[in-house]
Amino acid sequence: MNSWPAKITIETVKSIFFQTLISAIFFTFFLLLANAGEANSQQNGKCLRCHGMKTLGYQDTATGNLRNLSIDLHALAKSDHAGLACLDCHSAGFAAYPHFSEARNEQLECLSCHKNSEKFPRKMFEAVERSFTRSNHYQSAPQALTCFSCHDPHTFSTLNGKSDAGVKSHVKRDNDICLGCHEKSKPLDNMSSGGAGDLLKKHVWLPGVNRHLQSVRCVECHTQGDSERSHFILGGEYAVKECVACHSRDSILTSKLYRYRAHEERNKVGFIHSVVMNDAYIIGMTRNQWLDWGGIGLVILTLVGVGGHGLGRWIARRKGQKL
Amino acid sequence: MKVTYELYPLWLRIWHWSNVVGFLVLIVTGVSLHFATPDAMLIPFNSARVLHNIFGIALSIGWLIFLLGNFKQGNIIHYKLRLKGLLQRLIKQAMFYGVGIFKGDHHPFPSTAHCKFNPLQQVTYLFVMFVAMPGLIISGLLFFFPQVAPEQFLDMDGLWIVGVLHYVIGVFLVAFMIGHIYLATAGEKVTSEFKKMLFGSKLTEER
């Protein structure tokens with residue numbers, strides 16, 4: 001059936017010809033696309049010749065850890081720093097290879113670019129830094145953790161205005177940051193005092209821990225207030241433990257995890273927190289006000305009906321007795 | 001030949017009263033969960049959850065026992081619906097509750113060994129026991145094992161439909177229970193139906 005045709009007809013030649021043509025067109029198209037991306041920042045292409053390799057890295061002689069030097073171009077293109085070329089951030093000393101040794105001593109920090117910057121009228125970064133330096137993460141070992149422990153400048157992007165990406169993926173992204181160090185069932189051994197301990201054991205009081213940790217972020221419970229304060233992580237004794245903090249109408253989740261959705265969709269179709277309908281059913285929070293009033297109404301109506309009927313019977317009986 | 005027949009055999013009475021306890025606990029805890037607030041809770045959220053789970057499962061097992069008992073012990077006969085003339089009989093019974101009962105009329109459909117329920121009772125109980133209860137139990141179990149629930153339903157989270165269904169059936173059954181308790185006072189005497197369900201009721205019939 002599907003074997004090579006015994007006779008080569010005009011038809012087969014034609015079809016082979018067209019297939020080749022179509023492939024060729026697609027191939028050129030792809031080449032053009034790839035070139036377009038590179039032309040976008042030709043300079044980056046130079047660096048990525050080496051740093052685009054997945055395997056580029058070296059073993060740090062001081063710590064013995066492997067230092068990964070590869071940069072994921074696709075992640076960079078989707079990040080908040082997408083518009084920047086490598087050399088906008090990195091010093092000119094990297095332009096040549098071998099890199100100048102003084103270039104390697106460059107000390108980049110998020111705040112060195114973002115503090116008091118005209119470009120960022122919001123005081124977000126200063127607020128974040130304040131919260132971070134007051135947190136246990138900084139206080140317990142001031143040099144051990146930096147912004148880069150949790151954020152890669154080549155991939156970082158905020159959730160602002162990206163409400164369509166799905167809450168579960170946000171949750172995963174942010175929780176993976178924490179889980180990178182606080183692995184679920186492994187104690188933190190090689191990190192300072194290791195006060196964190198076994199993560200699942202710390203959260204046994206939470207039913208269906210795994211499901212909760214897929215629907216809700218660590219920072220929901222471990223920090224208070226808005227995103228600027230979400231770096232102010234303290235010990236477990238300050239974390240949210242009451243179920244009704246989330247499982248109620250005035251759930252903290254509206255001002256945290258669901259804050260981007262809350263603006264647009266609040267109270268649509270009569271659902272209090274309809275905002276979360278697509279993402280999760282949260283007992284006590286996802287409630288339809290019509291169903292709530294309908295339910296209460298039905299019960300009250302039944303009680304009234306039953307009461308009225310009973311009263312009628314009682315009156316009828318008394319009348320009957322009097323007659 | 002005279003045949004004596006127990007309308008409410010012991011197993012049925014035990015099931016019935018365990019059901020009562022289960023329902024009351026589930027209503028109170030269910031209300032606590034659905035209408036949860038940081039203050040003024042009937043029962044704290046987490047305790048309510050634990051109790052609701054335990055009694056929910058107990059109620060489900062009870063329902064299975066009810067089902068089994070019905071088929072094994074022949075109680076199912078009372079649930080056999082005769083469609084012929086059903087509407088007329090339903091109207092007759094409704095007329096009794098609406099008018100006759102105030103005039104001291106007799107019950108139009110007294111219990112027999114073939115059917116202890118009046119037509120309205122029969123239709124309601126059929127719906128409650130064989131439609132509402134399975135729906136309540138299935139949605140409750142899906143809540144208990146959320147990983148089994150559909151991931152997505154109509155573009156929404158799968159548990160959403162489960163949650164709404166569970167709530168709606170629950171509310172309906174609360175209303176049913178109120179009516180059920182009230183109508184139990186409409187026997188020969190106010191207390192006579194309660195006594196029957198507590199101590200049983202023997203019926204002797206000529207066969």
# chains A, B, ... in the order shown; residues from 1 in each chain; ligands from 1

$ residues_around --residues "range 111-115 of chain A" --least-positions-apart "6" --cutoff "9 Å" --atoms "only C-alpha atoms" --output "number ranges by chain"
A: 89, 123, 125-126, 129

$ interface_residues --of "chain B" --to "chain A" --cutoff "7 Å" --atoms "only C-alpha atoms" --output "PyMOL selection string"
chain B and resi 33-38+45+102+155-157+159-160+171+175+178-179+182

$ select_by_dssp --residues "range 29-169 of chain B" --states "helix (DSSP H, G or I)" --output "CSV table (one decimal) with N, CA and C atoms, in the first residue's frame"
chain,number,residue,atom,x,y,z
B,29,THR,N,-21.9,21.8,60.5
B,29,THR,CA,-20.6,21.9,60.1
B,29,THR,C,-20.5,22.5,58.6
B,30,GLY,N,-21.5,22.0,57.8
B,30,GLY,CA,-21.5,22.5,56.4
B,30,GLY,C,-21.8,24.0,56.4
B,31,VAL,N,-22.7,24.5,57.2
B,31,VAL,CA,-22.9,25.9,57.3
B,31,VAL,C,-21.7,26.7,57.7
B,32,SER,N,-20.9,26.1,58.7
B,32,SER,CA,-19.7,26.7,59.2
B,32,SER,C,-18.7,26.8,58.1
B,33,LEU,N,-18.6,25.8,57.2
B,33,LEU,CA,-17.6,25.8,56.2
B,33,LEU,C,-18.0,26.8,55.1
B,34,HIS,N,-19.3,26.7,54.6
B,34,HIS,CA,-19.7,27.5,53.5
B,34,HIS,C,-19.7,29.0,53.9
B,45,PHE,N,-13.2,26.5,61.6
B,45,PHE,CA,-13.1,25.9,60.3
B,45,PHE,C,-12.5,24.5,60.2
B,46,ASN,N,-11.4,24.4,60.9
B,46,ASN,CA,-10.7,23.1,60.8
B,46,ASN,C,-11.4,22.0,61.5
B,47,SER,N,-12.0,22.3,62.7
B,47,SER,CA,-12.8,21.2,63.4
B,47,SER,C,-14.0,20.9,62.5
B,48,ALA,N,-14.6,21.9,61.9
B,48,ALA,CA,-15.8,21.7,61.1
B,48,ALA,C,-15.4,20.8,59.9
B,49,ARG,N,-14.3,21.0,59.3
B,49,ARG,CA,-13.8,20.2,58.2
B,49,ARG,C,-13.7,18.7,58.6
B,50,VAL,N,-13.0,18.5,59.8
B,50,VAL,CA,-12.8,17.1,60.3
B,50,VAL,C,-14.1,16.4,60.5
B,51,LEU,N,-15.0,17.1,61.3
B,51,LEU,CA,-16.3,16.5,61.6
B,51,LEU,C,-17.1,16.3,60.3
B,52,HIS,N,-17.1,17.2,59.4
B,52,HIS,CA,-17.9,17.1,58.2
B,52,HIS,C,-17.4,15.9,57.4
B,53,ASN,N,-16.1,15.6,57.4
B,53,ASN,CA,-15.5,14.5,56.7
B,53,ASN,C,-16.0,13.2,57.3
B,54,ILE,N,-15.8,13.1,58.6
B,54,ILE,CA,-16.2,11.9,59.4
B,54,ILE,C,-17.6,11.5,59.2
B,55,PHE,N,-18.5,12.5,59.4
B,55,PHE,CA,-19.9,12.2,59.4
B,55,PHE,C,-20.4,12.1,57.9
B,56,GLY,N,-19.7,12.7,57.0
B,56,GLY,CA,-20.1,12.6,55.6
B,56,GLY,C,-19.8,11.1,55.2
B,57,ILE,N,-18.7,10.6,55.6
B,57,ILE,CA,-18.4,9.2,55.2
B,57,ILE,C,-19.3,8.3,55.9
B,58,ALA,N,-19.6,8.5,57.2
B,58,ALA,CA,-20.5,7.7,57.9
B,58,ALA,C,-21.9,7.7,57.3
B,59,LEU,N,-22.4,8.9,56.8
B,59,LEU,CA,-23.7,9.0,56.2
B,59,LEU,C,-23.7,8.2,54.9
B,60,SER,N,-22.6,8.2,54.2
B,60,SER,CA,-22.5,7.5,52.9
B,60,SER,C,-22.6,6.0,53.1
B,61,ILE,N,-21.8,5.5,54.2
B,61,ILE,CA,-21.9,4.1,54.5
B,61,ILE,C,-23.3,3.7,54.9
B,62,GLY,N,-23.9,4.6,55.7
B,62,GLY,CA,-25.3,4.4,56.1
B,62,GLY,C,-26.2,4.3,54.9
B,63,TRP,N,-26.0,5.1,53.9
B,63,TRP,CA,-26.8,5.0,52.7
B,63,TRP,C,-26.7,3.7,52.0
B,64,LEU,N,-25.5,3.2,52.0
B,64,LEU,CA,-25.2,1.9,51.4
B,64,LEU,C,-26.0,0.8,52.1
B,65,ILE,N,-25.9,0.9,53.5
B,65,ILE,CA,-26.6,-0.1,54.3
B,65,ILE,C,-28.1,0.0,54.0
B,66,PHE,N,-28.6,1.2,53.9
B,66,PHE,CA,-30.0,1.5,53.6
B,66,PHE,C,-30.4,0.8,52.3
B,67,LEU,N,-29.5,0.9,51.3
B,67,LEU,CA,-29.8,0.3,50.0
B,67,LEU,C,-29.8,-1.2,50.1
B,68,LEU,N,-28.8,-1.7,50.7
B,68,LEU,CA,-28.6,-3.2,50.9
B,68,LEU,C,-29.8,-3.7,51.6
B,69,GLY,N,-30.2,-3.1,52.8
B,69,GLY,CA,-31.3,-3.5,53.6
B,69,GLY,C,-32.6,-3.5,52.8
B,70,ASN,N,-32.8,-2.5,52.0
B,70,ASN,CA,-34.0,-2.4,51.2
B,70,ASN,C,-34.2,-3.5,50.3
B,71,PHE,N,-33.1,-3.9,49.6
B,71,PHE,CA,-33.2,-5.0,48.7
B,71,PHE,C,-33.3,-6.4,49.3
B,72,LYS,N,-32.5,-6.5,50.4
B,72,LYS,CA,-32.4,-7.8,51.1
B,72,LYS,C,-33.6,-8.1,51.9
B,73,GLN,N,-34.2,-7.0,52.5
B,73,GLN,CA,-35.3,-7.2,53.5
B,73,GLN,C,-36.6,-7.0,52.8
B,75,ASN,N,-37.9,-4.1,51.9
B,75,ASN,CA,-38.5,-2.8,52.2
B,75,ASN,C,-38.7,-2.0,50.9
B,76,ILE,N,-38.0,-2.4,49.8
B,76,ILE,CA,-38.0,-1.7,48.6
B,76,ILE,C,-39.4,-1.6,48.0
B,77,ILE,N,-40.2,-2.6,48.4
B,77,ILE,CA,-41.5,-2.7,47.9
B,77,ILE,C,-42.3,-1.4,48.1
B,78,HIS,N,-42.0,-0.7,49.2
B,78,HIS,CA,-42.7,0.6,49.4
B,78,HIS,C,-42.3,1.7,48.5
B,79,TYR,N,-41.2,1.5,47.8
B,79,TYR,CA,-40.8,2.5,46.8
B,79,TYR,C,-41.2,2.2,45.4
B,86,LEU,N,-51.3,8.1,38.9
B,86,LEU,CA,-50.4,8.7,39.9
B,86,LEU,C,-50.8,10.2,40.2
B,87,LEU,N,-51.0,10.9,39.1
B,87,LEU,CA,-51.4,12.3,39.2
B,87,LEU,C,-52.6,12.5,40.1
B,88,GLN,N,-53.6,11.7,39.8
B,88,GLN,CA,-54.9,11.9,40.6
B,88,GLN,C,-54.6,11.6,42.1
B,89,ARG,N,-53.8,10.6,42.3
B,89,ARG,CA,-53.5,10.3,43.7
B,89,ARG,C,-52.7,11.4,44.4
B,90,LEU,N,-51.7,11.9,43.6
B,90,LEU,CA,-50.9,13.0,44.1
B,90,LEU,C,-51.8,14.2,44.5
B,91,ILE,N,-52.8,14.5,43.6
B,91,ILE,CA,-53.7,15.7,43.8
B,91,ILE,C,-54.5,15.4,45.0
B,92,LYS,N,-55.0,14.2,45.1
B,92,LYS,CA,-55.8,13.8,46.3
B,92,LYS,C,-55.1,14.0,47.6
B,93,GLN,N,-53.8,13.6,47.6
B,93,GLN,CA,-53.0,13.7,48.8
B,93,GLN,C,-52.8,15.2,49.1
B,94,ALA,N,-52.5,15.9,48.1
B,94,ALA,CA,-52.2,17.4,48.2
B,94,ALA,C,-53.4,18.1,48.7
B,95,MET,N,-54.6,17.7,48.2
B,95,MET,CA,-55.9,18.3,48.7
B,95,MET,C,-56.1,18.0,50.2
B,96,PHE,N,-55.6,16.8,50.6
B,96,PHE,CA,-55.8,16.4,52.0
B,96,PHE,C,-54.9,17.4,52.9
B,97,TYR,N,-53.6,17.6,52.4
B,97,TYR,CA,-52.8,18.5,53.2
B,97,TYR,C,-53.3,19.9,53.2
B,98,GLY,N,-53.9,20.3,52.0
B,98,GLY,CA,-54.2,21.7,51.8
B,98,GLY,C,-55.6,22.0,52.5
B,99,VAL,N,-56.5,21.0,52.5
B,99,VAL,CA,-57.9,21.3,52.9
B,99,VAL,C,-58.3,20.3,54.0
B,100,GLY,N,-58.3,19.1,53.6
B,100,GLY,CA,-58.9,18.0,54.4
B,100,GLY,C,-58.4,18.0,55.8
B,101,ILE,N,-57.1,18.2,55.9
B,101,ILE,CA,-56.4,18.0,57.2
B,101,ILE,C,-57.0,19.0,58.3
B,102,PHE,N,-57.4,20.2,57.7
B,102,PHE,CA,-58.0,21.2,58.7
B,102,PHE,C,-59.4,20.9,59.1
B,103,LYS,N,-60.1,20.0,58.3
B,103,LYS,CA,-61.4,19.6,58.6
B,103,LYS,C,-61.5,18.3,59.4
B,119,PRO,N,-48.8,8.8,48.3
B,119,PRO,CA,-48.2,9.1,47.0
B,119,PRO,C,-47.2,10.2,47.1
B,120,LEU,N,-47.5,11.3,47.8
B,120,LEU,CA,-46.5,12.4,47.9
B,120,LEU,C,-45.2,12.0,48.5
B,121,GLN,N,-45.4,11.2,49.6
B,121,GLN,CA,-44.2,10.7,50.3
B,121,GLN,C,-43.4,9.9,49.4
B,122,GLN,N,-44.1,9.0,48.7
B,122,GLN,CA,-43.4,8.0,47.8
B,122,GLN,C,-42.5,8.8,46.8
B,123,VAL,N,-43.1,9.7,46.1
B,123,VAL,CA,-42.4,10.5,45.1
B,123,VAL,C,-41.2,11.2,45.7
B,124,THR,N,-41.5,11.9,46.8
B,124,THR,CA,-40.4,12.7,47.5
B,124,THR,C,-39.3,11.8,47.9
B,125,TYR,N,-39.6,10.7,48.6
B,125,TYR,CA,-38.6,9.8,49.1
B,125,TYR,C,-37.8,9.2,48.0
B,126,LEU,N,-38.5,8.8,46.9
B,126,LEU,CA,-37.8,8.3,45.8
B,126,LEU,C,-36.7,9.2,45.3
B,127,PHE,N,-37.1,10.5,45.2
B,127,PHE,CA,-36.2,11.5,44.7
B,127,PHE,C,-35.1,11.7,45.7
B,128,VAL,N,-35.4,11.8,47.0
B,128,VAL,CA,-34.4,12.1,48.0
B,128,VAL,C,-33.4,11.0,48.1
B,129,MET,N,-33.9,9.7,48.2
B,129,MET,CA,-33.0,8.6,48.5
B,129,MET,C,-32.3,8.1,47.2
B,130,PHE,N,-32.9,8.3,46.0
B,130,PHE,CA,-32.2,7.7,44.9
B,130,PHE,C,-31.7,8.7,43.9
B,131,VAL,N,-31.9,10.0,44.1
B,131,VAL,CA,-31.3,11.0,43.2
B,131,VAL,C,-30.5,12.0,44.1
B,132,ALA,N,-31.1,12.6,45.1
B,132,ALA,CA,-30.4,13.7,45.8
B,132,ALA,C,-29.3,13.1,46.6
B,133,MET,N,-29.5,12.0,47.3
B,133,MET,CA,-28.5,11.4,48.2
B,133,MET,C,-27.3,10.9,47.4
B,134,PRO,N,-27.5,10.2,46.3
B,134,PRO,CA,-26.3,9.8,45.5
B,134,PRO,C,-25.5,11.0,45.0
B,135,GLY,N,-26.3,12.1,44.6
B,135,GLY,CA,-25.6,13.3,44.1
B,135,GLY,C,-24.8,13.9,45.2
B,136,LEU,N,-25.4,14.0,46.4
B,136,LEU,CA,-24.7,14.6,47.5
B,136,LEU,C,-23.4,13.8,47.9
B,137,ILE,N,-23.6,12.4,47.9
B,137,ILE,CA,-22.5,11.6,48.2
B,137,ILE,C,-21.3,11.7,47.2
B,138,ILE,N,-21.7,11.6,45.9
B,138,ILE,CA,-20.7,11.6,44.9
B,138,ILE,C,-19.9,13.0,44.9
B,139,SER,N,-20.7,14.1,45.0
B,139,SER,CA,-20.0,15.4,45.0
B,139,SER,C,-19.2,15.5,46.3
B,140,GLY,N,-19.6,15.0,47.4
B,140,GLY,CA,-18.9,15.0,48.6
B,140,GLY,C,-17.6,14.2,48.5
B,141,LEU,N,-17.7,13.0,47.9
B,141,LEU,CA,-16.5,12.2,47.8
B,141,LEU,C,-15.5,12.9,46.8
B,142,LEU,N,-16.0,13.6,45.8
B,142,LEU,CA,-15.1,14.3,44.9
B,142,LEU,C,-14.3,15.4,45.6
B,143,PHE,N,-15.0,16.0,46.6
B,143,PHE,CA,-14.4,17.0,47.4
B,143,PHE,C,-13.3,16.4,48.2
B,144,PHE,N,-13.6,15.2,48.7
B,144,PHE,CA,-12.7,14.5,49.6
B,144,PHE,C,-11.5,14.1,48.9
B,158,GLY,N,-12.5,22.3,37.9
B,158,GLY,CA,-13.4,21.2,38.0
B,158,GLY,C,-14.1,21.1,39.4
B,159,LEU,N,-13.5,21.6,40.4
B,159,LEU,CA,-14.1,21.5,41.7
B,159,LEU,C,-15.3,22.5,41.9
B,160,TRP,N,-15.3,23.5,40.9
B,160,TRP,CA,-16.3,24.5,41.0
B,160,TRP,C,-17.7,23.9,40.9
B,161,ILE,N,-17.9,23.0,39.9
B,161,ILE,CA,-19.2,22.4,39.7
B,161,ILE,C,-19.5,21.5,40.8
B,162,VAL,N,-18.5,20.8,41.3
B,162,VAL,CA,-18.7,19.9,42.5
B,162,VAL,C,-19.1,20.7,43.7
B,163,GLY,N,-18.5,21.8,43.9
B,163,GLY,CA,-18.8,22.6,45.1
B,163,GLY,C,-20.2,23.2,45.0
B,164,VAL,N,-20.6,23.7,43.9
B,164,VAL,CA,-22.0,24.3,43.7
B,164,VAL,C,-23.0,23.2,43.8
B,165,LEU,N,-22.8,22.1,43.2
B,165,LEU,CA,-23.7,21.0,43.3
B,165,LEU,C,-23.9,20.5,44.7
B,166,HIS,N,-22.9,20.3,45.4
B,166,HIS,CA,-22.9,19.9,46.8
B,166,HIS,C,-23.7,20.9,47.6
B,167,TYR,N,-23.5,22.1,47.4
B,167,TYR,CA,-24.2,23.2,48.2
B,167,TYR,C,-25.7,23.1,47.8
B,168,VAL,N,-26.0,23.1,46.6
B,168,VAL,CA,-27.4,23.2,46.2
B,168,VAL,C,-28.2,21.9,46.7
B,169,ILE,N,-27.6,20.8,46.5
B,169,ILE,CA,-28.3,19.6,47.0
B,169,ILE,C,-28.5,19.6,48.5

$ atom_distance --atom1 "CA of Phe132 in chain A" --atom2 "CA of Phe232 in chain A"
5.5 Å

$ select_by_dssp --residues "range 46-224 of chain A" --states "strand (DSSP E or B)" --output "PDB file with all heavy atoms, in the first residue's frame"
ATOM      1  N   GLY A  57      30.222  26.619  31.375  1.00  0.00           N
ATOM      2  CA  GLY A  57      30.322  26.805  32.824  1.00  0.00           C
ATOM      3  C   GLY A  57      31.704  26.406  33.282  1.00  0.00           C
ATOM      4  O   GLY A  57      32.523  25.937  32.491  1.00  0.00           O
ATOM      5  N   TYR A  58      31.977  26.625  34.545  1.00  0.00           N
ATOM      6  CA  TYR A  58      33.267  26.176  35.094  1.00  0.00           C
ATOM      7  C   TYR A  58      33.094  25.868  36.567  1.00  0.00           C
ATOM      8  O   TYR A  58      32.113  26.274  37.189  1.00  0.00           O
ATOM      9  CB  TYR A  58      34.353  27.229  34.877  1.00  0.00           C
ATOM     10  CG  TYR A  58      34.160  28.524  35.627  1.00  0.00           C
ATOM     11  CD1 TYR A  58      34.665  28.679  36.918  1.00  0.00           C
ATOM     12  CD2 TYR A  58      33.480  29.600  35.048  1.00  0.00           C
ATOM     13  CE1 TYR A  58      34.485  29.869  37.614  1.00  0.00           C
ATOM     14  CE2 TYR A  58      33.297  30.789  35.732  1.00  0.00           C
ATOM     15  CZ  TYR A  58      33.804  30.913  37.019  1.00  0.00           C
ATOM     16  OH  TYR A  58      33.628  32.077  37.708  1.00  0.00           O
ATOM     17  N   GLN A  59      34.083  25.141  37.097  1.00  0.00           N
ATOM     18  CA  GLN A  59      34.008  24.802  38.506  1.00  0.00           C
ATOM     19  C   GLN A  59      34.700  25.880  39.311  1.00  0.00           C
ATOM     20  O   GLN A  59      35.871  26.190  39.083  1.00  0.00           O
ATOM     21  CB  GLN A  59      34.648  23.446  38.761  1.00  0.00           C
ATOM     22  CG  GLN A  59      34.253  22.877  40.112  1.00  0.00           C
ATOM     23  CD  GLN A  59      34.551  21.382  40.170  1.00  0.00           C
ATOM     24  OE1 GLN A  59      35.408  20.879  39.449  1.00  0.00           O
ATOM     25  NE2 GLN A  59      33.848  20.670  41.011  1.00  0.00           N
ATOM     26  N   LEU A  66      29.675  24.116  40.635  1.00  0.00           N
ATOM     27  CA  LEU A  66      29.706  24.401  39.218  1.00  0.00           C
ATOM     28  C   LEU A  66      29.026  25.741  38.975  1.00  0.00           C
ATOM     29  O   LEU A  66      27.941  26.000  39.481  1.00  0.00           O
ATOM     30  CB  LEU A  66      28.956  23.292  38.461  1.00  0.00           C
ATOM     31  CG  LEU A  66      29.380  23.135  37.003  1.00  0.00           C
ATOM     32  CD1 LEU A  66      30.814  22.585  36.944  1.00  0.00           C
ATOM     33  CD2 LEU A  66      28.439  22.180  36.294  1.00  0.00           C
ATOM     34  N   ARG A  67      29.690  26.619  38.231  1.00  0.00           N
ATOM     35  CA  ARG A  67      29.081  27.918  37.911  1.00  0.00           C
ATOM     36  C   ARG A  67      28.551  27.872  36.486  1.00  0.00           C
ATOM     37  O   ARG A  67      29.316  27.722  35.538  1.00  0.00           O
ATOM     38  CB  ARG A  67      30.106  29.022  38.072  1.00  0.00           C
ATOM     39  CG  ARG A  67      29.483  30.399  38.060  1.00  0.00           C
ATOM     40  CD  ARG A  67      30.439  31.412  38.713  1.00  0.00           C
ATOM     41  NE  ARG A  67      30.145  32.766  38.255  1.00  0.00           N
ATOM     42  CZ  ARG A  67      29.106  33.477  38.680  1.00  0.00           C
ATOM     43  NH1 ARG A  67      28.262  32.955  39.541  1.00  0.00           N
ATOM     44  NH2 ARG A  67      28.897  34.701  38.217  1.00  0.00           N
ATOM     45  N   ASN A  68      27.248  27.993  36.374  1.00  0.00           N
ATOM     46  CA  ASN A  68      26.595  27.896  35.081  1.00  0.00           C
ATOM     47  C   ASN A  68      26.664  29.259  34.385  1.00  0.00           C
ATOM     48  O   ASN A  68      26.205  30.250  34.915  1.00  0.00           O
ATOM     49  CB  ASN A  68      25.141  27.454  35.301  1.00  0.00           C
ATOM     50  CG  ASN A  68      24.403  27.315  34.001  1.00  0.00           C
ATOM     51  OD1 ASN A  68      24.999  27.423  32.926  1.00  0.00           O
ATOM     52  ND2 ASN A  68      23.111  27.065  34.090  1.00  0.00           N
TER      53      ASN A  68
END

$ atom_distance --atom1 "CA of Met41 in chain B" --atom2 "CA of Phe145 in chain B"
25.5 Å

$ atom_distance --atom1 "CA of Tyr97 in chain A" --atom2 "CA of Asp152 in chain A"
23.6 Å

$ closest_residue --among "B:Arg82, B:His16, B:Lys2, B:Lys116" --to "Phe194 in chain B" --atoms "only C-alpha atoms"
B:His16

$ residues_around --residues "Leu56 in chain A" --least-positions-apart "6" --cutoff "12 Å" --atoms "only C-alpha atoms" --output "list in words"
Cys47, Leu48, Arg49, Cys50, Leu66, Arg67, Asn68, Leu69, Ser70, Ile71 and Asp72 of chain A

$ write_last_selection --atoms "N, CA and C atoms" --output "PDB file, in the first residue's frame"
ATOM      1  N   CYS A  47      27.819  37.519  22.124  1.00  0.00           N
ATOM      2  CA  CYS A  47      28.005  36.903  23.440  1.00  0.00           C
ATOM      3  C   CYS A  47      27.410  35.502  23.442  1.00  0.00           C
ATOM      4  N   LEU A  48      26.255  35.386  22.770  1.00  0.00           N
ATOM      5  CA  LEU A  48      25.535  34.119  22.856  1.00  0.00           C
ATOM      6  C   LEU A  48      26.210  33.020  22.057  1.00  0.00           C
ATOM      7  N   ARG A  49      27.137  33.416  21.203  1.00  0.00           N
ATOM      8  CA  ARG A  49      27.914  32.410  20.498  1.00  0.00           C
ATOM      9  C   ARG A  49      28.510  31.441  21.523  1.00  0.00           C
ATOM     10  N   CYS A  50      28.954  31.992  22.606  1.00  0.00           N
ATOM     11  CA  CYS A  50      29.485  31.126  23.663  1.00  0.00           C
ATOM     12  C   CYS A  50      28.454  30.915  24.778  1.00  0.00           C
ATOM     13  N   LEU A  66      29.675  24.116  40.635  1.00  0.00           N
ATOM     14  CA  LEU A  66      29.706  24.401  39.218  1.00  0.00           C
ATOM     15  C   LEU A  66      29.026  25.741  38.975  1.00  0.00           C
ATOM     16  N   ARG A  67      29.690  26.619  38.231  1.00  0.00           N
ATOM     17  CA  ARG A  67      29.081  27.918  37.911  1.00  0.00           C
ATOM     18  C   ARG A  67      28.551  27.872  36.486  1.00  0.00           C
ATOM     19  N   ASN A  68      27.248  27.993  36.374  1.00  0.00           N
ATOM     20  CA  ASN A  68      26.595  27.896  35.081  1.00  0.00           C
ATOM     21  C   ASN A  68      26.664  29.259  34.385  1.00  0.00           C
ATOM     22  N   LEU A  69      27.232  29.290  33.194  1.00  0.00           N
ATOM     23  CA  LEU A  69      27.382  30.567  32.492  1.00  0.00           C
ATOM     24  C   LEU A  69      26.482  30.657  31.266  1.00  0.00           C
ATOM     25  N   SER A  70      25.608  29.687  31.088  1.00  0.00           N
ATOM     26  CA  SER A  70      24.769  29.722  29.891  1.00  0.00           C
ATOM     27  C   SER A  70      23.548  30.605  30.132  1.00  0.00           C
ATOM     28  N   ILE A  71      23.160  31.324  29.118  1.00  0.00           N
ATOM     29  CA  ILE A  71      22.016  32.238  29.204  1.00  0.00           C
ATOM     30  C   ILE A  71      20.936  31.737  28.261  1.00  0.00           C
ATOM     31  N   ASP A  72      19.709  31.635  28.782  1.00  0.00           N
ATOM     32  CA  ASP A  72      18.589  31.158  27.973  1.00  0.00           C
ATOM     33  C   ASP A  72      17.977  32.349  27.218  1.00  0.00           C
TER      34      ASP A  72
END

$ residues_around --residues "range 134-148 of chain A" --least-positions-apart "6" --cutoff "8 Å" --atoms "only C-alpha atoms" --output "list in words"
Glu109, Cys110, Ser192, His231, Phe232, Ile233, Leu234 and Gly235 of chain A

$ write_last_selection --atoms "C-alpha atoms" --output "PDB file, in the first residue's frame"
ATOM      1  CA  GLU A 109      22.917  44.578  41.951  1.00  0.00           C
ATOM      2  CA  CYS A 110      19.280  45.076  41.130  1.00  0.00           C
ATOM      3  CA  SER A 192      23.478  28.469  57.899  1.00  0.00           C
ATOM      4  CA  HIS A 231       9.942  39.966  50.934  1.00  0.00           C
ATOM      5  CA  PHE A 232       9.487  40.493  54.658  1.00  0.00           C
ATOM      6  CA  ILE A 233       9.691  36.812  55.527  1.00  0.00           C
ATOM      7  CA  LEU A 234       9.905  36.043  59.225  1.00  0.00           C
ATOM      8  CA  GLY A 235       9.887  32.866  61.296  1.00  0.00           C
TER       9      GLY A 235
END

$ residues_around --residues "Thr4 in chain B" --least-positions-apart "2" --cutoff "8 Å" --atoms "only C-alpha atoms" --output "PyMOL selection string"
chain B and resi 2+6+202-205

$ residues_around --residues "Asn105 in chain A" --least-positions-apart "6" --cutoff "12 Å" --atoms "only C-alpha atoms" --output "PDB file with N, CA and C atoms, in the first residue's frame"
ATOM      1  N   HIS A  90      26.241  44.657  31.416  1.00  0.00           N
ATOM      2  CA  HIS A  90      27.607  44.200  31.703  1.00  0.00           C
ATOM      3  C   HIS A  90      28.615  45.208  31.164  1.00  0.00           C
ATOM      4  N   SER A  91      29.730  45.294  31.857  1.00  0.00           N
ATOM      5  CA  SER A  91      30.700  46.322  31.500  1.00  0.00           C
ATOM      6  C   SER A  91      31.390  45.977  30.182  1.00  0.00           C
ATOM      7  N   GLY A  93      34.214  45.586  29.424  1.00  0.00           N
ATOM      8  CA  GLY A  93      35.320  44.647  29.522  1.00  0.00           C
ATOM      9  C   GLY A  93      34.979  43.250  29.045  1.00  0.00           C
ATOM     10  N   PHE A  94      33.687  42.964  28.897  1.00  0.00           N
ATOM     11  CA  PHE A  94      33.280  41.646  28.435  1.00  0.00           C
ATOM     12  C   PHE A  94      33.202  41.568  26.910  1.00  0.00           C
ATOM     13  N   HIS A  99      37.792  37.686  28.419  1.00  0.00           N
ATOM     14  CA  HIS A  99      37.277  38.868  29.113  1.00  0.00           C
ATOM     15  C   HIS A  99      38.356  39.479  29.972  1.00  0.00           C
TER      16      HIS A  99
END
